[in-house]
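S.K.: File follows, work_17.cif with mmCIF, C-alpha atoms (C1' of nucleotides):
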data_target
loop_
_atom_site.label_atom_id
_atom_site.label_comp_id
_atom_site.auth_asym_id
_atom_site.auth_seq_id
_atom_site.Cartn_x
_atom_site.Cartn_y
_atom_site.Cartn_z
CA MET A 28 -13.25 -19.74 -15.01
CA ASP A 29 -10.03 -18.47 -16.37
CA GLN A 30 -9.10 -16.63 -13.21
CA VAL A 31 -9.12 -19.83 -11.21
CA LYS A 32 -6.54 -21.25 -13.59
CA GLN A 33 -4.49 -18.09 -13.42
CA PHE A 34 -4.43 -18.30 -9.64
CA ASN A 35 -3.50 -21.97 -9.58
CA ASP A 36 -0.74 -21.40 -12.10
CA TYR A 37 0.64 -18.68 -9.90
CA LEU A 38 0.55 -20.90 -6.82
CA ASN A 39 2.39 -23.68 -8.64
CA ARG A 40 4.96 -21.36 -10.08
CA LYS A 41 5.73 -20.00 -6.62
CA GLY A 42 5.70 -23.36 -4.86
CA LEU A 43 2.62 -22.39 -2.87
CA LYS A 44 -0.19 -24.72 -1.96
CA THR A 45 -3.76 -25.08 -3.11
CA THR A 46 -5.87 -25.05 0.01
CA SER A 47 -9.59 -25.26 0.53
CA GLN A 48 -9.59 -21.79 2.11
CA ARG A 49 -7.91 -20.24 -0.90
CA MET A 50 -10.40 -21.83 -3.25
CA ILE A 51 -13.39 -20.73 -1.17
CA ILE A 52 -12.10 -17.19 -0.90
CA LEU A 53 -11.41 -17.00 -4.61
CA GLU A 54 -14.86 -18.28 -5.47
CA THR A 55 -16.61 -15.83 -3.19
CA PHE A 56 -14.42 -13.00 -4.37
CA LEU A 57 -15.27 -13.65 -8.02
CA GLU A 58 -18.99 -14.14 -7.40
CA SER A 59 -19.62 -10.48 -6.90
CA ASP A 60 -18.12 -7.53 -8.65
CA SER A 61 -17.95 -5.48 -5.49
CA HIS A 62 -14.99 -3.54 -4.24
CA TYR A 63 -14.12 -5.58 -1.18
CA SER A 64 -12.09 -4.50 1.79
CA THR A 65 -10.58 -7.35 3.80
CA GLU A 66 -13.24 -6.74 6.39
CA ASP A 67 -16.09 -6.85 3.85
CA LEU A 68 -15.01 -10.16 2.42
CA TYR A 69 -14.20 -11.62 5.83
CA LEU A 70 -17.71 -10.82 7.07
CA LYS A 71 -19.34 -12.19 3.97
CA LEU A 72 -17.36 -15.42 4.22
CA ARG A 73 -17.96 -15.79 7.92
CA ALA A 74 -21.67 -16.41 7.41
CA GLU A 75 -20.97 -19.61 5.55
CA TYR A 76 -17.45 -20.50 6.63
CA PRO A 77 -16.98 -19.28 10.19
CA LYS A 78 -13.66 -21.07 10.52
CA ILE A 79 -11.83 -18.90 8.01
CA GLY A 80 -9.75 -16.27 9.78
CA TYR A 81 -9.32 -12.63 9.00
CA ALA A 82 -5.59 -12.99 8.39
CA THR A 83 -6.16 -15.71 5.83
CA VAL A 84 -8.65 -13.56 3.94
CA HIS A 85 -6.22 -10.69 3.89
CA ARG A 86 -3.25 -12.81 2.85
CA THR A 87 -5.28 -14.35 0.09
CA LEU A 88 -6.45 -11.00 -1.25
CA LYS A 89 -2.83 -9.91 -1.42
CA LEU A 90 -2.07 -13.05 -3.38
CA PHE A 91 -4.86 -12.19 -5.81
CA ALA A 92 -3.29 -8.81 -6.35
CA GLU A 93 0.17 -10.33 -6.84
CA CYS A 94 -0.98 -12.78 -9.45
CA GLY A 95 -2.97 -10.20 -11.34
CA ILE A 96 -6.56 -11.30 -10.78
CA ALA A 97 -7.36 -8.45 -8.42
CA ALA A 98 -6.55 -4.76 -8.27
CA GLU A 99 -5.87 -2.93 -5.03
CA ARG A 100 -7.69 0.36 -4.72
CA ASN A 101 -7.82 3.11 -2.20
CA PHE A 102 -10.68 5.57 -2.35
CA GLY A 103 -9.45 7.69 0.50
CA ASP A 104 -11.56 6.26 3.31
CA GLY A 105 -8.60 4.54 4.92
CA GLN A 106 -9.48 1.09 3.69
CA THR A 107 -7.79 -0.81 0.91
CA ARG A 108 -10.28 -2.40 -1.42
CA PHE A 109 -9.80 -5.24 -3.88
CA GLU A 110 -11.75 -5.79 -7.04
CA PRO A 111 -11.57 -8.55 -9.64
CA ILE A 112 -9.79 -7.55 -12.82
CA ASP A 113 -12.01 -8.64 -15.65
CA ALA A 114 -10.16 -9.77 -18.71
CA GLU A 115 -12.06 -7.44 -21.04
CA GLY A 116 -10.60 -4.17 -20.08
CA HIS A 117 -9.82 -1.48 -17.67
CA HIS A 118 -12.33 0.80 -16.06
CA ASP A 119 -12.17 3.84 -13.84
CA HIS A 120 -14.38 5.03 -10.98
CA LEU A 121 -16.87 7.69 -10.09
CA VAL A 122 -17.10 7.99 -6.31
CA CYS A 123 -19.95 9.82 -4.60
CA THR A 124 -18.51 11.75 -1.67
CA GLU A 125 -21.88 11.85 0.01
CA CYS A 126 -23.32 8.35 -0.10
CA GLY A 127 -20.23 6.36 -1.08
CA LEU A 128 -21.73 5.02 -4.29
CA ILE A 129 -19.09 3.74 -6.70
CA ILE A 130 -19.80 3.63 -10.42
CA GLU A 131 -17.44 2.15 -12.96
CA PHE A 132 -16.91 3.72 -16.34
CA GLU A 133 -14.70 3.33 -19.36
CA GLU A 134 -13.30 6.05 -21.52
CA PRO A 135 -10.87 4.75 -24.13
CA GLN A 136 -9.99 8.25 -25.26
CA ILE A 137 -8.63 9.06 -21.83
CA GLU A 138 -6.43 5.98 -22.00
CA GLU A 139 -5.01 7.22 -25.27
CA LEU A 140 -4.23 10.63 -23.86
CA GLN A 141 -2.53 9.03 -20.90
CA LYS A 142 -0.17 7.22 -23.21
CA THR A 143 0.63 10.48 -24.91
CA ALA A 144 1.33 12.23 -21.62
CA ALA A 145 3.53 9.39 -20.40
CA ALA A 146 5.49 9.31 -23.63
CA ALA A 147 6.18 13.03 -23.31
CA HIS A 148 8.03 12.24 -20.09
CA LYS A 149 9.59 9.03 -21.38
CA PHE A 150 7.63 6.98 -18.88
CA THR A 151 6.75 3.36 -19.50
CA ILE A 152 3.25 2.92 -18.12
CA GLU A 153 2.37 -0.20 -16.20
CA SER A 154 -0.94 0.84 -14.72
CA HIS A 155 -2.98 3.82 -13.77
CA ARG A 156 -5.78 4.95 -11.57
CA LEU A 157 -8.37 7.54 -12.29
CA GLU A 158 -11.09 8.48 -9.87
CA LEU A 159 -13.63 11.24 -10.18
CA TYR A 160 -15.08 12.43 -6.89
CA GLY A 161 -18.34 14.26 -6.66
CA ARG A 162 -21.99 13.79 -5.96
CA CYS A 163 -24.22 11.29 -7.66
CA ALA A 164 -27.53 12.22 -9.24
CA ALA A 165 -29.53 11.00 -6.25
CA CYS A 166 -27.54 13.01 -3.73
CA VAL A 167 -27.69 16.13 -5.85
CA ALA A 168 -31.45 15.71 -6.19
CA ALA A 169 -31.83 15.22 -2.44
CA GLY A 170 -30.22 18.59 -1.86
CA ASP A 171 -27.62 19.12 0.81
CA MET B 23 2.04 35.17 -0.68
CA ASP B 24 -1.55 34.60 -1.52
CA GLN B 25 -1.72 31.28 0.22
CA VAL B 26 -0.76 32.80 3.54
CA LYS B 27 -3.69 35.14 3.22
CA GLN B 28 -5.97 32.29 2.23
CA PHE B 29 -4.93 30.35 5.31
CA ASN B 30 -5.38 33.31 7.66
CA ASP B 31 -8.78 34.07 6.21
CA TYR B 32 -9.79 30.49 6.84
CA LEU B 33 -8.58 30.62 10.43
CA ASN B 34 -10.52 33.83 11.07
CA ARG B 35 -13.64 32.54 9.45
CA LYS B 36 -13.57 29.44 11.63
CA GLY B 37 -12.63 31.27 14.82
CA LEU B 38 -9.26 29.54 14.93
CA LYS B 39 -6.05 31.14 16.07
CA THR B 40 -2.92 32.25 14.32
CA THR B 41 -0.05 30.62 16.13
CA SER B 42 3.67 30.74 15.55
CA GLN B 43 3.71 27.00 14.87
CA ARG B 44 1.08 27.29 12.17
CA MET B 45 2.97 30.08 10.47
CA ILE B 46 6.26 28.21 10.59
CA ILE B 47 4.70 25.04 9.25
CA LEU B 48 2.97 26.92 6.45
CA GLU B 49 6.16 28.68 5.45
CA THR B 50 8.17 25.49 5.35
CA PHE B 51 5.42 23.67 3.52
CA LEU B 52 5.27 26.29 0.79
CA GLU B 53 9.04 26.60 0.43
CA SER B 54 9.33 23.34 -1.41
CA ASP B 55 7.04 21.79 -3.94
CA SER B 56 7.55 18.31 -2.57
CA HIS B 57 4.87 15.83 -1.74
CA TYR B 58 5.17 15.74 2.01
CA SER B 59 3.97 13.07 4.34
CA THR B 60 3.44 14.21 7.93
CA GLU B 61 6.63 12.40 8.81
CA ASP B 62 8.63 14.12 6.04
CA LEU B 63 7.59 17.57 7.09
CA TYR B 64 7.96 16.82 10.78
CA LEU B 65 11.55 15.68 10.26
CA LYS B 66 12.38 18.66 8.10
CA LEU B 67 10.95 21.05 10.68
CA ARG B 68 12.62 19.33 13.59
CA ALA B 69 16.06 20.37 12.40
CA GLU B 70 15.25 24.01 12.94
CA TYR B 71 12.30 23.91 15.34
CA PRO B 72 12.73 20.88 17.58
CA LYS B 73 9.87 21.95 19.82
CA ILE B 74 7.17 21.45 17.21
CA GLY B 75 5.39 18.16 17.77
CA TYR B 76 4.32 15.55 15.29
CA ALA B 77 0.64 15.96 16.12
CA THR B 78 0.78 19.68 15.45
CA VAL B 79 2.36 19.12 12.06
CA HIS B 80 -0.29 16.60 11.19
CA ARG B 81 -3.16 18.74 12.42
CA THR B 82 -1.84 21.71 10.49
CA LEU B 83 -1.50 19.76 7.26
CA LYS B 84 -5.11 18.70 7.63
CA LEU B 85 -6.02 22.37 8.05
CA PHE B 86 -4.16 23.19 4.85
CA ALA B 87 -6.21 20.58 3.05
CA GLU B 88 -9.46 21.89 4.54
CA CYS B 89 -8.84 25.45 3.50
CA GLY B 90 -7.79 24.49 0.01
CA ILE B 91 -4.10 25.31 -0.04
CA ALA B 92 -3.00 21.69 0.01
CA ALA B 93 -4.16 18.50 -1.63
CA GLU B 94 -4.10 15.14 0.10
CA ARG B 95 -2.67 12.36 -2.01
CA ASN B 96 -2.10 8.68 -1.60
CA PHE B 97 0.27 6.95 -3.95
CA GLY B 98 -0.26 3.51 -2.55
CA ASP B 99 2.71 3.29 -0.19
CA GLY B 100 0.52 3.59 2.86
CA GLN B 101 1.39 7.19 3.59
CA THR B 102 -0.80 10.20 2.99
CA ARG B 103 1.06 13.00 1.28
CA PHE B 104 0.23 16.68 1.04
CA GLU B 105 1.23 19.02 -1.72
CA PRO B 106 0.66 22.73 -2.18
CA ILE B 107 -2.08 23.56 -4.66
CA ASP B 108 -0.74 26.22 -6.96
CA ALA B 109 -3.29 28.71 -8.10
CA GLU B 110 -2.58 28.13 -11.79
CA GLY B 111 -4.18 24.81 -12.26
CA HIS B 112 -4.57 21.18 -11.63
CA HIS B 113 -1.97 18.61 -12.46
CA ASP B 114 -1.73 14.86 -12.34
CA HIS B 115 1.11 12.51 -11.50
CA LEU B 116 3.46 10.04 -13.06
CA VAL B 117 4.87 7.75 -10.38
CA CYS B 118 7.91 5.55 -10.97
CA THR B 119 7.29 2.21 -9.30
CA GLU B 120 11.00 1.52 -9.16
CA CYS B 121 12.66 4.63 -7.78
CA GLY B 122 9.65 6.51 -6.46
CA LEU B 123 10.18 9.54 -8.70
CA ILE B 124 7.06 11.67 -9.00
CA ILE B 125 6.56 13.87 -12.05
CA GLU B 126 3.68 16.27 -12.44
CA PHE B 127 1.93 16.77 -15.73
CA GLU B 128 -1.08 18.55 -17.13
CA GLU B 129 -3.41 17.35 -19.81
CA PRO B 130 -6.41 19.61 -20.32
CA GLN B 131 -7.96 17.25 -22.84
CA ILE B 132 -8.20 14.55 -20.20
CA GLU B 133 -10.01 16.96 -17.92
CA GLU B 134 -12.53 17.61 -20.66
CA LEU B 135 -13.17 13.93 -21.21
CA GLN B 136 -13.64 13.45 -17.49
CA LYS B 137 -16.44 15.99 -17.53
CA THR B 138 -18.05 14.11 -20.37
CA ALA B 139 -17.83 10.78 -18.57
CA ALA B 140 -19.24 12.26 -15.36
CA ALA B 141 -22.10 13.88 -17.20
CA ALA B 142 -23.02 10.55 -18.77
CA HIS B 143 -23.64 9.24 -15.25
CA LYS B 144 -25.21 12.47 -13.99
CA PHE B 145 -22.38 13.00 -11.56
CA THR B 146 -21.40 16.44 -10.35
CA ILE B 147 -17.62 16.42 -10.16
CA GLU B 148 -15.86 18.05 -7.26
CA SER B 149 -12.37 16.72 -7.75
CA HIS B 150 -10.43 13.92 -9.30
CA ARG B 151 -7.19 12.06 -9.14
CA LEU B 152 -5.22 10.55 -11.94
CA GLU B 153 -1.98 8.73 -11.46
CA LEU B 154 0.02 6.83 -14.03
CA TYR B 155 2.32 4.18 -12.60
CA GLY B 156 5.28 2.84 -14.48
CA ARG B 157 8.99 3.20 -14.85
CA CYS B 158 10.80 6.43 -15.52
CA ALA B 159 13.32 6.85 -18.33
CA ALA B 160 16.29 6.38 -15.98
CA CYS B 161 15.00 3.14 -14.49
CA VAL B 162 14.15 1.74 -17.90
CA ALA B 163 17.62 2.63 -19.13
CA ALA B 164 19.22 1.00 -16.09
CA GLY B 165 17.54 -2.27 -16.97
CA ASP B 166 15.96 -4.48 -14.35
"C1'" DT C 30 2.54 -42.99 3.76
"C1'" DA C 31 6.38 -40.60 6.02
"C1'" DG C 32 8.73 -36.56 5.83
"C1'" DT C 33 9.10 -31.90 4.46
"C1'" DT C 34 7.26 -27.66 3.66
"C1'" DT C 35 3.66 -24.31 3.53
"C1'" DA C 36 -0.86 -22.56 5.38
"C1'" DT C 37 -3.93 -21.57 8.97
"C1'" DG C 38 -6.19 -19.09 12.85
"C1'" DA C 39 -5.81 -16.50 17.01
"C1'" DA C 40 -3.48 -13.31 19.20
"C1'" DA C 41 0.04 -9.94 19.40
"C1'" DA C 42 2.77 -6.49 17.04
"C1'" DT C 43 3.21 -2.77 13.91
"C1'" DC C 44 2.43 1.39 11.36
"C1'" DG C 45 0.29 5.63 10.26
"C1'" DT C 46 -3.10 8.48 12.08
"C1'" DT C 47 -6.04 10.55 15.51
"C1'" DT C 48 -7.41 11.70 20.15
"C1'" DT C 49 -6.76 12.93 24.99
"C1'" DC C 50 -5.38 15.96 28.49
"C1'" DA C 51 -2.97 19.21 31.27
"C1'" DA C 52 -0.33 23.20 30.39
"C1'" DT C 53 0.28 27.24 27.38
"C1'" DA C 54 -0.73 30.72 24.02
"C1'" DT C 55 -3.94 33.67 21.52
"C1'" DC C 56 -7.74 36.64 21.19
"C1'" DT C 57 -11.55 39.64 22.91
"C1'" DC C 58 -13.30 43.45 24.98
"C1'" DA C 59 -13.85 46.08 29.09
"C1'" DT D 19 -3.53 46.97 28.61
"C1'" DG D 20 -4.85 42.76 31.08
"C1'" DA D 21 -8.20 39.37 32.83
"C1'" DG D 22 -11.13 35.93 31.19
"C1'" DA D 23 -12.61 32.89 27.62
"C1'" DT D 24 -11.28 29.88 24.18
"C1'" DA D 25 -8.26 27.42 21.14
"C1'" DT D 26 -3.60 25.21 20.65
"C1'" DT D 27 0.22 22.64 21.88
"C1'" DG D 28 3.17 18.51 22.75
"C1'" DA D 29 3.59 14.04 24.75
"C1'" DA D 30 1.59 10.08 25.37
"C1'" DA D 31 -2.12 7.02 24.78
"C1'" DA D 32 -5.69 5.24 21.74
"C1'" DC D 33 -7.12 3.81 17.46
"C1'" DG D 34 -8.03 1.10 13.19
"C1'" DA D 35 -6.19 -1.25 9.41
"C1'" DT D 36 -2.68 -4.25 8.22
"C1'" DT D 37 0.97 -7.48 9.06
"C1'" DT D 38 3.53 -10.79 11.74
"C1'" DT D 39 4.21 -14.51 15.05
"C1'" DC D 40 3.82 -19.11 16.42
"C1'" DA D 41 2.03 -23.56 17.39
"C1'" DT D 42 -0.93 -26.67 15.02
"C1'" DA D 43 -2.91 -28.52 10.77
"C1'" DA D 44 -2.92 -29.49 5.97
"C1'" DA D 45 -0.82 -30.19 1.39
"C1'" DC D 46 2.69 -31.81 -1.47
"C1'" DT D 47 6.82 -34.87 -2.66
"C1'" DA D 48 9.10 -38.94 -3.41
#
Step by step, read the file and then write its structure as structure tokens.

M.R.:
Amino acid sequence: MDQVKQFNDYLNRKGLKTTSQRMIILETFLESDSHYSTEDLYLKLRAEYPKIGYATVHRTLKLFAECGIAAERNFGDGQTRFEPIDAEGHHDHLVCTECGLIIEFEEPQIEELQKTAAAAHKFTIESHRLELYGRCAACVAAGD
Amino acid sequence: MDQVKQFNDYLNRKGLKTTSQRMIILETFLESDSHYSTEDLYLKLRAEYPKIGYATVHRTLKLFAECGIAAERNFGDGQTRFEPIDAEGHHDHLVCTECGLIIEFEEPQIEELQKTAAAAHKFTIESHRLELYGRCAACVAAGD
DNA sequence: TAGTTTATGAAAATCGTTTTCAATATCTCA
DNA sequence: TGAGATATTGAAAACGATTTTCATAAACTA
């Protein structure tokens, strides 16, 4: 697990400590490729580790984002979600406005065009977010 | 002003009322092409119309979004922003992570590719958001 | 291992947003 | 036009997600 190393390196570099909670949260976070809100992950953890507090989960998720193993996302429902950043590459999201389904997709050509657009405005890109909102096949089929 | 008509039509259709506050807020909102948070617009209005309350500003911005003359945006700073939708067409955003500068840009080719990606997953697209985060020319020039 | 520093969990505080409610304004139609 | 019905307003309270506080516990350093 490369991400475990990346997290530990970050902790050391910042003079932070390796605690059992942080390791448990990291492990659980990486197990699934879901888009976790603090609440989601807290509830999932609570089943097995009832002692871990909500604040700790939230603080740890923020740490993940800081050290680059998680991305913070906001799909407009008022909750911040975190998802593991897989080393391979970036992906974007299709969000169903009816059932909430989230599908990930990749489109390298779009990435290229983004670079072009940024260059036209002399911007140095660090990151981006692209979300397409609409209705998934199932919801369309089910009618309104 | 086409947008004024669009707003009034919406109010009539929904059985809502045309009030002086709503007209003032609409006028002020359209005057500038900024990306207003409720707070921003409330403060701007307060200078000239100190009687207008925060809740009214917020409720009215939501109405603008509902009737299609404003778009709700979230650039990750924890505040929802509203911007007028100009009839011409859609645009996306470049956001400077250092100074907060927001630049609008259009890239029709990206829109095309989005349709392709959505079709591949049988999604019916209703809307999308694309934001590129990075550093603007001035901030890059100023060094870190 | 003692001493120092950081982390934890529970509760409280905070921030943006939304709702409540009594008073006020708008609209309808006689 | 003007009374009655209905929606809107503004202030304050409620709300939900996030962040902070603080005393206790755990991890690291030498």

S.K.: One decimal, in Å: what's the spacing between C1' of DT42 (chain D) and C1' of DA36 (chain C)?

M.R.: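 Answer for the C1' of DT42 (chain D) to C1' of DA36 (chain C) separation: 10.5 Å.
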
S.K.: For a quick test of understanding: name the residues of chain D lying within 9 Å of chain A when counting all atoms listed in the file, and present them as a ChimeraX atom specification.

M.R.: /D:34-37,44-46

S.K.: Taking the point (-16.2, 3.9, -22.6) as given in the file, collect each protein or nucleic acid residue that comes within 12 Å of it, counting all atoms listed in the file, and present the set as a compact mmCIF listing (two decimals) with C-alpha atoms, in the frame of the given file.

M.R.:
# COMPACT_ATOMS: atom_id res chain seq x y z
CA GLY A 116 -10.60 -4.17 -20.08
CA HIS A 117 -9.82 -1.48 -17.67
CA HIS A 118 -12.33 0.80 -16.06
CA ASP A 119 -12.17 3.84 -13.84
CA HIS A 120 -14.38 5.03 -10.98
CA GLU A 131 -17.44 2.15 -12.96
CA PHE A 132 -16.91 3.72 -16.34
CA GLU A 133 -14.70 3.33 -19.36
CA GLU A 134 -13.30 6.05 -21.52
CA PRO A 135 -10.87 4.75 -24.13
CA GLN A 136 -9.99 8.25 -25.26
CA ILE A 137 -8.63 9.06 -21.83
CA GLU A 138 -6.43 5.98 -22.00
CA GLU A 139 -5.01 7.22 -25.27
CA LEU B 135 -13.17 13.93 -21.21
CA GLN B 136 -13.64 13.45 -17.49
CA THR B 138 -18.05 14.11 -20.37
CA ALA B 139 -17.83 10.78 -18.57
CA ALA B 140 -19.24 12.26 -15.36
CA ALA B 142 -23.02 10.55 -18.77
CA HIS B 143 -23.64 9.24 -15.25

S.K.: Can you list, as a PyMOL selection string, the residues that the PyMOL selection byres ((chain C) within 12 of (chain B)) selects here?

M.R.: chain C and resi 44-49+53-57

S.K.: Might you spell out which residues the PyMOL selection byres ((chain B) within 6 of (chain A)) would select in the displayed file, as a PDB file with C-alpha atoms, keeping the file's coordinate frame?

M.R.:
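So selection_21.pdb came out as:
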ATOM      1  CA  ILE B 132      -8.200  14.550 -20.200  1.00  0.00           C
ATOM      2  CA  LYS B 144     -25.210  12.470 -13.990  1.00  0.00           C
ATOM      3  CA  PHE B 145     -22.380  13.000 -11.560  1.00  0.00           C
ATOM      4  CA  THR B 146     -21.400  16.440 -10.350  1.00  0.00           C
ATOM      5  CA  ILE B 147     -17.620  16.420 -10.160  1.00  0.00           C
ATOM      6  CA  GLU B 148     -15.860  18.050  -7.260  1.00  0.00           C
ATOM      7  CA  SER B 149     -12.370  16.720  -7.750  1.00  0.00           C
ATOM      8  CA  HIS B 150     -10.430  13.920  -9.300  1.00  0.00           C
ATOM      9  CA  ARG B 151      -7.190  12.060  -9.140  1.00  0.00           C
ATOM     10  CA  LEU B 152      -5.220  10.550 -11.940  1.00  0.00           C
ATOM     11  CA  GLU B 153      -1.980   8.730 -11.460  1.00  0.00           C
ATOM     12  CA  LEU B 154       0.020   6.830 -14.030  1.00  0.00           C
ATOM     13  CA  TYR B 155       2.320   4.180 -12.600  1.00  0.00           C
ATOM     14  CA  GLY B 156       5.280   2.840 -14.480  1.00  0.00           C
ATOM     15  CA  ARG B 157       8.990   3.200 -14.850  1.00  0.00           C
ATOM     16  CA  CYS B 158      10.800   6.430 -15.520  1.00  0.00           C
ATOM     17  CA  ALA B 159      13.320   6.850 -18.330  1.00  0.00           C
TER      18      ALA B 159
END
